[in-house]
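Okay, target_38.cif now, which holds mmCIF, C-alpha atoms:
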data_my_file
loop_
_atom_site.label_atom_id
_atom_site.label_comp_id
_atom_site.auth_asym_id
_atom_site.auth_seq_id
_atom_site.Cartn_x
_atom_site.Cartn_y
_atom_site.Cartn_z
CA MET G 1494 100.13 100.60 90.54
CA ASP G 1495 100.84 103.84 88.70
CA GLN G 1496 98.14 106.34 89.72
CA ALA G 1497 99.18 108.86 87.06
CA LYS G 1498 98.81 106.19 84.37
CA ILE G 1499 95.41 105.19 85.79
CA GLY G 1500 94.35 108.84 85.78
CA THR G 1501 95.37 109.23 82.15
CA LEU G 1502 93.29 106.20 81.17
CA LEU G 1503 90.27 107.46 83.16
CA LYS G 1504 90.56 110.80 81.34
CA GLU G 1505 90.75 109.07 77.92
CA LEU G 1506 87.74 106.91 78.74
CA ARG G 1507 85.72 109.96 79.84
CA LYS G 1508 86.64 111.88 76.69
CA GLU G 1509 85.64 108.91 74.51
CA LYS G 1510 82.17 109.19 76.01
CA ASN G 1511 82.24 112.94 75.25
CA LEU G 1512 81.64 113.84 78.88
CA THR G 1513 82.95 116.71 80.93
CA GLN G 1514 84.32 116.13 84.42
CA GLU G 1515 81.17 117.77 85.79
CA GLN G 1516 78.89 115.43 83.84
CA LEU G 1517 80.81 112.36 84.99
CA ALA G 1518 80.81 113.63 88.58
CA GLU G 1519 77.05 114.06 88.45
CA LYS G 1520 76.60 110.53 87.06
CA PHE G 1521 78.60 109.00 89.94
CA ASN G 1522 77.40 111.40 92.66
CA VAL G 1523 80.84 112.82 93.37
CA ALA G 1524 82.31 116.32 93.12
CA ALA G 1525 83.88 117.46 89.86
CA ARG G 1526 87.04 118.07 91.86
CA THR G 1527 87.04 114.38 92.80
CA VAL G 1528 86.96 113.40 89.11
CA SER G 1529 89.81 115.83 88.47
CA ARG G 1530 91.86 114.22 91.24
CA TRP G 1531 91.24 110.76 89.76
CA GLU G 1532 92.41 111.95 86.36
CA THR G 1533 95.55 113.64 87.68
CA GLY G 1534 96.40 110.54 89.70
CA SER G 1535 96.35 112.31 93.06
CA ASN G 1536 93.41 110.17 94.32
CA MET G 1537 91.89 106.83 93.42
CA PRO G 1538 88.17 106.05 93.23
CA ASP G 1539 86.67 103.89 96.01
CA LEU G 1540 86.31 100.22 95.13
CA SER G 1541 82.54 100.47 94.62
CA VAL G 1542 83.00 103.45 92.27
CA LEU G 1543 85.82 101.65 90.48
CA VAL G 1544 83.47 98.76 89.71
CA GLU G 1545 80.83 101.18 88.43
CA LEU G 1546 83.40 103.04 86.30
CA ALA G 1547 84.57 99.78 84.73
CA ASP G 1548 80.97 98.86 83.94
CA PHE G 1549 80.18 102.35 82.63
CA TYR G 1550 83.22 102.41 80.35
CA ASP G 1551 82.84 98.69 79.49
CA VAL G 1552 86.40 97.84 80.53
CA GLU G 1553 87.88 95.45 83.07
CA ILE G 1554 88.85 96.75 86.47
CA ARG G 1555 92.22 95.17 85.77
CA GLU G 1556 92.56 97.49 82.77
CA ILE G 1557 91.86 100.54 84.92
CA LEU G 1558 94.29 99.39 87.61
CA ASP G 1559 96.96 98.71 84.97
CA GLY G 1560 96.26 102.07 83.35
CA GLU G 1561 95.98 100.48 79.90
CA ARG G 1562 93.38 98.65 77.88
CA LYS G 1563 93.26 94.96 77.20
CA SER G 1564 91.36 93.31 74.41
CA GLU G 1565 89.02 91.15 76.51
CA SER G 1566 86.14 92.39 78.66
CA MET G 1567 85.54 91.64 82.32
CA GLU G 1568 84.09 88.22 83.12
CA LYS G 1569 80.60 88.31 84.64
CA GLU G 1570 81.68 86.25 87.66
CA GLU G 1571 84.61 88.55 88.41
CA LYS G 1572 82.33 91.55 88.20
CA GLU G 1573 79.75 90.01 90.52
CA THR G 1574 82.46 89.06 93.00
CA LEU G 1575 83.88 92.57 93.01
CA LEU G 1576 80.39 94.04 93.42
CA ARG G 1577 79.84 91.76 96.43
CA ILE G 1578 83.18 92.85 97.89
CA ALA G 1579 82.29 96.51 97.37
CA GLU G 1580 78.86 95.96 98.92
CA TYR G 1581 80.46 94.26 101.92
CA ALA G 1582 82.92 97.15 102.33
CA ASP G 1583 80.06 99.66 102.17
CA GLN G 1584 78.11 97.65 104.74
CA GLN G 1585 81.12 97.63 107.07
CA LYS G 1586 81.47 101.42 106.68
CA ARG G 1587 77.77 101.92 107.54
CA LYS G 1588 78.16 99.79 110.66
CA ALA G 1589 81.22 101.77 111.73
CA ILE G 1590 79.37 105.05 111.21
CA LEU G 1591 76.41 103.81 113.27
CA ARG G 1592 78.78 102.74 116.07
CA ALA G 1593 80.45 106.14 115.92
CA VAL G 1594 77.14 107.99 116.17
CA ILE G 1595 76.05 105.89 119.15
CA LEU G 1596 79.40 106.23 120.93
CA PHE G 1597 79.55 109.97 120.28
CA SER G 1598 75.98 110.43 121.59
CA LEU G 1599 76.77 108.50 124.76
CA GLU G 1600 80.01 110.43 125.13
CA MET G 1601 78.16 113.76 124.90
CA ILE G 1602 75.55 112.64 127.45
CA CYS G 1603 78.29 111.62 129.89
CA CYS G 1604 80.18 114.83 129.23
CA GLY G 1605 77.07 116.91 129.98
CA TYR G 1606 76.42 114.90 133.13
CA THR G 1607 80.06 115.39 134.20
CA ILE G 1608 79.80 119.15 133.74
CA ALA G 1609 76.55 119.26 135.71
CA MET G 1610 78.11 117.22 138.52
CA VAL G 1611 81.23 119.42 138.65
CA ILE G 1612 79.00 122.48 138.97
CA MET G 1613 76.99 120.79 141.72
CA VAL G 1614 80.16 119.72 143.59
CA LEU G 1615 81.59 123.24 143.37
CA LYS G 1616 78.36 124.88 144.51
CA GLY G 1617 77.58 122.17 147.07
CA GLY G 1618 80.33 123.24 149.44
CA GLY G 1619 81.42 119.70 150.24
CA GLN G 1620 77.91 118.25 150.60
CA ILE G 1621 78.27 116.29 147.34
CA SER G 1622 81.16 113.88 146.77
CA ALA G 1623 83.58 114.60 143.92
CA GLY G 1624 83.08 110.96 142.87
CA TYR G 1625 79.82 112.03 141.26
CA ALA G 1626 81.89 114.02 138.75
CA VAL G 1627 84.92 111.72 138.48
CA VAL G 1628 83.03 108.55 137.48
CA PRO G 1629 81.15 110.10 134.51
CA ALA G 1630 84.39 111.81 133.46
CA LEU G 1631 86.12 108.43 133.33
CA ILE G 1632 83.19 106.97 131.38
CA THR G 1633 83.44 109.90 128.93
CA ILE G 1634 87.14 109.14 128.43
CA ALA G 1635 86.32 105.46 127.87
CA PHE G 1636 83.77 106.39 125.18
CA SER G 1637 86.40 108.64 123.53
CA VAL G 1638 88.85 105.73 123.42
CA LEU G 1639 86.19 103.41 121.95
CA LEU G 1640 85.34 106.06 119.36
CA ALA G 1641 89.01 106.32 118.38
CA PHE G 1642 89.34 102.53 118.04
CA ASN G 1643 86.18 102.46 115.92
CA ALA G 1644 87.68 105.06 113.56
CA LYS G 1645 91.24 103.72 113.34
CA ASP G 1646 90.52 101.45 110.36
CA TYR G 1647 89.01 104.31 108.37
CA VAL G 1648 91.83 106.79 108.83
CA THR G 1649 94.42 106.61 106.07
CA TYR G 1650 98.01 107.65 106.41
CA LYS G 1651 99.96 108.81 103.38
CA GLN G 1652 103.29 107.09 103.00
CA LYS G 1653 106.25 109.14 101.85
#
Transcribe the structure of this file into C-alpha cells.
Amino acid sequence: MDQAKIGTLLKELRKEKNLTQEQLAEKFNVAARTVSRWETGSNMPDLSVLVELADFYDVEIREILDGERKSESMEKEEKETLLRIAEYADQQKRKAILRAVILFSLEMICCGYTIAMVIMVLKGGGQISAGYAVVPALITIAFSVLLAFNAKDYVTYKQK
C-alpha cells in the first residue's frame, strides 16, 4: 500500500469536488491538518472515515487503497460489510475507553487512599500498621497494570 499514491488520489478527488482541505475537514469532523496529512501520505484515515470518503467521492475503497481509480463502483454488500466492520471497531474503541475511565478512576481513589494512609502511619507514631498503606499501594499498581493492558491494543508503533 503506497500512502503517497493514496494521498495523491485523495487530493485529486477533493479538488474534483471543488473543496478546500478546511471544507473537507469540516464535513468529516476532523482537523484541516488531518486532511493535509492524508493527502501527503503521512497518515491514513481511520477505517470508518475511509468508508465515508469512498461513499462521498463515489469510489470503491479498493480504489482509494490502490491509489488509483477503477471503472466499476463499490458493491452495496461490500459497502455494508465494511460499514459493519467500522461500526464494530468503533464499538470496541468505546468499550476500551469506558474501561480506561473506570480503571483510572479506581486507580486515583486507591492512590488518594494510599497517600492518606501514609500520612496517618507517619503521624501515628507506630499506632497504625504500615499495611494500611501498602495494600492500597499494591492495588493502585494493579490498576495501573490493568490500564496499560487495556491500552496496549490502541497504541501504534511506527516501523522503520
Take the PyMOL selection byres ((chain G and resi 1625-1641) around 10), apply it to the structure above, and return the hits as a PyMOL selection string. chain G and resi 1589+1592-1614+1621-1624+1642-1646+1648
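The two atoms in question, CA of Phe1549 in chain G and CA of Lys1588 in chain G, are spaced 28.2 Å apart.
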For the file shown, report as number ranges by chain the outcome of the PyMOL selection byres ((chain G and resi 1527-1543) around 6) at residue level. G: 1496-1497, 1500-1501, 1503-1504, 1524-1526, 1544-1546, 1579
Provide the CA of Ile1499 in chain G to CA of Ala1547 in chain G distance in Å, to one decimal place.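 Computing the Euclidean distance for CA of Ile1499 in chain G and CA of Ala1547 in chain G yields 12.2 Å.
Take CA of Glu1515 in chain G and CA of Gly1560 in chain G: the distance between them is 21.9 Å.
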Saving range 1603-1623 of chain G with N, CA and C atoms, as a compact mmCIF listing (two decimals), in the first residue's frame, what would that file be?
# COMPACT_ATOMS: atom_id res chain seq x y z
N CYS G 1603 -7.70 4.75 44.90
CA CYS G 1603 -6.72 3.97 45.67
C CYS G 1603 -5.47 4.79 45.95
N CYS G 1604 -5.04 5.57 45.00
CA CYS G 1604 -3.86 6.41 45.18
C CYS G 1604 -4.11 7.44 46.30
N GLY G 1605 -5.27 8.07 46.27
CA GLY G 1605 -5.62 9.03 47.33
C GLY G 1605 -5.68 8.36 48.69
N TYR G 1606 -6.27 7.17 48.73
CA TYR G 1606 -6.36 6.42 49.98
C TYR G 1606 -4.96 6.06 50.48
N THR G 1607 -4.09 5.65 49.56
CA THR G 1607 -2.71 5.30 49.92
C THR G 1607 -2.00 6.50 50.53
N ILE G 1608 -2.14 7.65 49.91
CA ILE G 1608 -1.49 8.87 50.43
C ILE G 1608 -2.02 9.20 51.81
N ALA G 1609 -3.34 9.10 51.99
CA ALA G 1609 -3.93 9.38 53.30
C ALA G 1609 -3.40 8.40 54.36
N MET G 1610 -3.28 7.13 53.98
CA MET G 1610 -2.79 6.13 54.93
C MET G 1610 -1.32 6.35 55.27
N VAL G 1611 -0.52 6.73 54.29
CA VAL G 1611 0.90 7.01 54.55
C VAL G 1611 1.02 8.16 55.54
N ILE G 1612 0.23 9.19 55.32
CA ILE G 1612 0.25 10.34 56.24
C ILE G 1612 -0.16 9.90 57.65
N MET G 1613 -1.20 9.08 57.73
CA MET G 1613 -1.66 8.61 59.04
C MET G 1613 -0.60 7.73 59.72
N VAL G 1614 0.06 6.86 58.95
CA VAL G 1614 1.11 6.00 59.51
C VAL G 1614 2.26 6.85 60.03
N LEU G 1615 2.66 7.85 59.24
CA LEU G 1615 3.77 8.71 59.64
C LEU G 1615 3.44 9.56 60.86
N LYS G 1616 2.21 10.02 60.94
CA LYS G 1616 1.81 10.85 62.09
C LYS G 1616 1.38 10.01 63.29
N GLY G 1617 1.06 8.74 63.02
CA GLY G 1617 0.54 7.87 64.08
C GLY G 1617 1.60 7.39 65.05
N GLY G 1618 2.85 7.53 64.74
CA GLY G 1618 3.91 7.13 65.63
C GLY G 1618 3.88 5.64 65.97
N GLY G 1619 3.58 4.81 64.99
CA GLY G 1619 3.60 3.37 65.22
C GLY G 1619 2.27 2.79 65.68
N GLN G 1620 1.27 3.63 65.90
CA GLN G 1620 -0.04 3.13 66.35
C GLN G 1620 -0.83 2.49 65.19
N ILE G 1621 -0.51 2.89 63.97
CA ILE G 1621 -1.20 2.35 62.80
C ILE G 1621 -0.19 1.53 62.00
N SER G 1622 -0.61 0.35 61.56
CA SER G 1622 0.26 -0.54 60.80
C SER G 1622 0.53 0.01 59.41
N ALA G 1623 1.74 -0.21 58.92
CA ALA G 1623 2.11 0.23 57.57
C ALA G 1623 1.34 -0.55 56.51
